[in-house]
Amino acid sequence: MAAAAADAFLRARGRTLTAFRPDAEYQWKGPFYFIQGADPQFGLMKSWARGDTENGDDEWGEEIKLTEQAVQAINKLNPKPKFFVLCGDLVHGMPGQWLQALAALSCGCGTLSSVGFFVHREEEQETIQKGTRWKKNQEQDLKDVLKNTDQDIPLVFVSGNHDIGNTPTKEAIDDYCKNWGDDYFSFWVGGVFFLVLNSQLYCDSSKCPELRQAQDAWLDDQLAAAANQKCKHIIVFQHIPLFLSKPDEDNDYFNLDKSVRQEIMEKFHKAGITAVFSGHYHRNAGGSYKGLEMVVSSAIGCQLGQDTHGLRVVVVTEEKVVHRYYSLTELGSHGIDKELLDMLAKQK
């Protein structure tokens with residue numbers, strides 16, 4: 001049982017999702033749906049209330065209860081969703097420079113001072129822990145909640161800036177992959193092609209430019225392969241939105257910089273991508289670019305606007321992708337509304 005629970009978090013391996021066999025999923029089989037969530041971000045609610053988002057994340061009981069509520073709501077759904085995707089910021093604790101520091105120590109490359117930390121050993125130990133001391137506890141508590149998801153509903157994880165750092169390093173990404181599976185990968189479900197991307201590499205890959213280049217080359221290959229398969233839709237999951245409402249909006253903490261945004265939007269448009277689903281904003285938002293829909297979903301955890309803690313139900317039909325955001329209470333109490341269920345019924 002423990003091994004099975006561990007496997008549930010590591011299904012993204014070899015740049016694919018092992019929960020689905022590609023040869024069994026290339027063909028369209030009729031409408032289906034999946035659940036999208038974002039930003040459980042264990043630890044943010046207290047730190048946001050305190051006004052100390054760097055060091056105030058020492059409690060996350062509220063997020064545990066909300067994520068339990070999300071899992072319970074998903075488990076009650078009938079028919080079952082094909083999968084449950086979490087679009088990043090799984091916990092609030094940041095990897096920071098401590099992974100670089102540990103790497104320097106373990107390989108004998110010097111003391112922590114060689115990577116910008118204090119010289120004295122006791123100070124080194126304190127600095128390793130500062131600001132990141134709760135991350136592993138937060139991750140374990142999140143896993144303890146998510147392992148109760150119905151085993152027939154695969155979990156899909158997307159890396160966010162709090163998972164791999166605002167300026168990710170190879171060490172931080174490797175650590176994420178050991179805990180949650182690959183940081184980017186693709187999979188097929190019922191004739192639809194899904195891509196999970198590491199959007200942090202588009203924000204700041206200055207410490208790992210080769211990883212950005214590798215994802216870019218891989219993405220080009222994946223889009224070419226999808227074109228040959230003539231899939232019904234291509235859907236992208238990433239943490240940071242391309243844009244919040246307008247493709248030409250100004251640069252913001254919550255969107256991708258214009259310097260890369262236009263190139264990515266045009267690539268996605270030319271590839272025929274139907275929609276991009278993201279989180280990061282802790283509010284619902286979205287817009288479109290030449291028929292490409294940008295869907296920004298609010299958080300399971302801390303809300304930064306007027307939305308409720310919730311999940312998005314996404315129905316995929318042969319012609320279109322339809323979605324609706326539900327509060328956790330509404331989805332748990334009433335399930336999916338009749339309009340969406342009727343779309344699914346057409347597969348009978």
# chains A, B, ... in the order shown; residues from 1 in each chain; ligands from 1
>>> residues_around(residues="stretch 291-306 of chain A", least_positions_apart="5", cutoff="6 Å", atoms="only C-alpha atoms", output="CSV table (one decimal) with N, CA and C atoms, in the first residue's frame")
chain,number,residue,atom,x,y,z
A,38,ALA,N,-5.5,24.3,-8.4
A,38,ALA,CA,-4.3,25.1,-8.4
A,38,ALA,C,-4.0,25.6,-7.0
A,39,ASP,N,-2.7,25.8,-6.7
A,39,ASP,CA,-2.2,26.5,-5.6
A,39,ASP,C,-2.9,26.1,-4.2
A,40,PRO,N,-2.7,24.8,-3.9
A,40,PRO,CA,-3.1,24.5,-2.5
A,40,PRO,C,-2.1,25.2,-1.5
A,45,MET,N,-1.7,30.8,3.7
A,45,MET,CA,-2.9,31.5,4.3
A,45,MET,C,-2.4,32.3,5.6
A,63,GLU,N,-5.2,25.0,5.1
A,63,GLU,CA,-5.0,24.4,3.7
A,63,GLU,C,-5.2,22.9,3.7
A,274,THR,N,-5.8,24.2,-28.2
A,274,THR,CA,-7.2,24.7,-27.8
A,274,THR,C,-7.2,25.6,-26.6
A,275,ALA,N,-6.5,25.2,-25.6
A,275,ALA,CA,-6.5,26.0,-24.3
A,275,ALA,C,-5.3,25.7,-23.5
A,276,VAL,N,-5.0,26.7,-22.7
A,276,VAL,CA,-3.9,26.7,-21.7
A,276,VAL,C,-4.6,26.9,-20.3
A,277,PHE,N,-4.4,26.0,-19.4
A,277,PHE,CA,-4.9,26.1,-18.0
A,277,PHE,C,-3.8,26.3,-17.1
A,278,SER,N,-4.0,27.3,-16.2
A,278,SER,CA,-2.9,27.7,-15.2
A,278,SER,C,-3.5,28.1,-13.9
A,279,GLY,N,-2.6,28.5,-13.0
A,279,GLY,CA,-3.0,29.0,-11.7
A,279,GLY,C,-2.3,30.2,-11.4
A,282,HIS,N,-4.3,33.2,-8.0
A,282,HIS,CA,-5.2,33.0,-6.8
A,282,HIS,C,-6.5,33.8,-7.0
A,283,ARG,N,-6.9,33.9,-8.3
A,283,ARG,CA,-8.2,34.5,-8.7
A,283,ARG,C,-8.5,33.9,-10.0
A,284,ASN,N,-9.8,33.9,-10.4
A,284,ASN,CA,-10.2,33.4,-11.7
A,284,ASN,C,-10.0,34.6,-12.7
A,285,ALA,N,-9.5,34.2,-13.9
A,285,ALA,CA,-9.3,35.2,-15.0
A,285,ALA,C,-9.2,34.4,-16.3
A,286,GLY,N,-8.9,35.2,-17.3
A,286,GLY,CA,-8.6,34.5,-18.6
A,286,GLY,C,-9.0,35.4,-19.8
>>> select_by_dssp(residues="stretch 43-241 of chain A", states="helix (DSSP H, G or I)", output="MDAnalysis selection string")
chainID A and resid 44:50 61:76 98:106 112:115 121:129 135:146 161:164 170:180 200:203 209:229
>>> atom_distance(atom1="atom CA of A:Phe254", atom2="atom CA of A:Arg133")
25.5 Å
>>> closest_residue(among="A:Gln238, A:Ser259, A:Asn179, A:Thr16", to="A:Val85", atoms="only C-alpha atoms")
A:Gln238
>>> residues_around(residues="stretch 161-163 of chain A", least_positions_apart="2", cutoff="6 Å", atoms="only C-alpha atoms", output="short mmCIF file (atom, residue, chain, number, x, y, z; two decimals) with N, CA, C and O atoms, in the first residue's frame")
data_model
loop_
_atom_site.label_atom_id
_atom_site.label_comp_id
_atom_site.auth_asym_id
_atom_site.auth_seq_id
_atom_site.Cartn_x
_atom_site.Cartn_y
_atom_site.Cartn_z
N ASP A 89 2.43 25.44 -7.38
CA ASP A 89 2.49 25.95 -6.01
C ASP A 89 1.79 24.99 -5.07
O ASP A 89 0.79 25.31 -4.42
N HIS A 92 3.94 26.34 0.05
CA HIS A 92 4.45 27.71 0.05
C HIS A 92 5.96 27.78 0.23
O HIS A 92 6.61 28.69 -0.29
N MET A 94 9.77 27.72 -0.17
CA MET A 94 10.59 27.84 -1.38
C MET A 94 11.86 27.01 -1.25
O MET A 94 12.42 26.88 -0.15
N SER A 159 4.69 22.02 -11.95
CA SER A 159 5.60 22.74 -11.06
C SER A 159 5.29 24.24 -11.09
O SER A 159 5.03 24.83 -12.14
N GLY A 165 11.36 27.38 -7.26
CA GLY A 165 12.06 28.64 -7.07
C GLY A 165 11.76 29.65 -8.16
O GLY A 165 11.48 29.29 -9.31
N ASN A 166 11.80 30.92 -7.82
CA ASN A 166 11.59 31.98 -8.81
C ASN A 166 12.68 31.99 -9.87
O ASN A 166 12.42 32.30 -11.03
#
>>> atom_distance(atom1="atom CA of A:Phe157", atom2="atom CA of A:Leu90")
8.6 Å
>>> residues_around(residues="A:Ile273", least_positions_apart="6", cutoff="7 Å", atoms="only C-alpha atoms", output="VMD selection string")
chain A and resid 233 to 235 292
>>> atom_distance(atom1="atom CA of A:Ala217", atom2="atom CA of A:Pro95")
26.3 Å
>>> select_by_dssp(residues="stretch 93-326 of chain A", states="strand (DSSP E)", output="PyMOL selection string")
chain A and resi 155-157+185-189+192-196+233-237+275-278+285-289+292-296+310-316+321-326
>>> closest_residue(among="A:Leu17, A:Leu331, A:Leu211, A:Leu256", to="A:Trp180", atoms="only C-alpha atoms")
A:Leu17
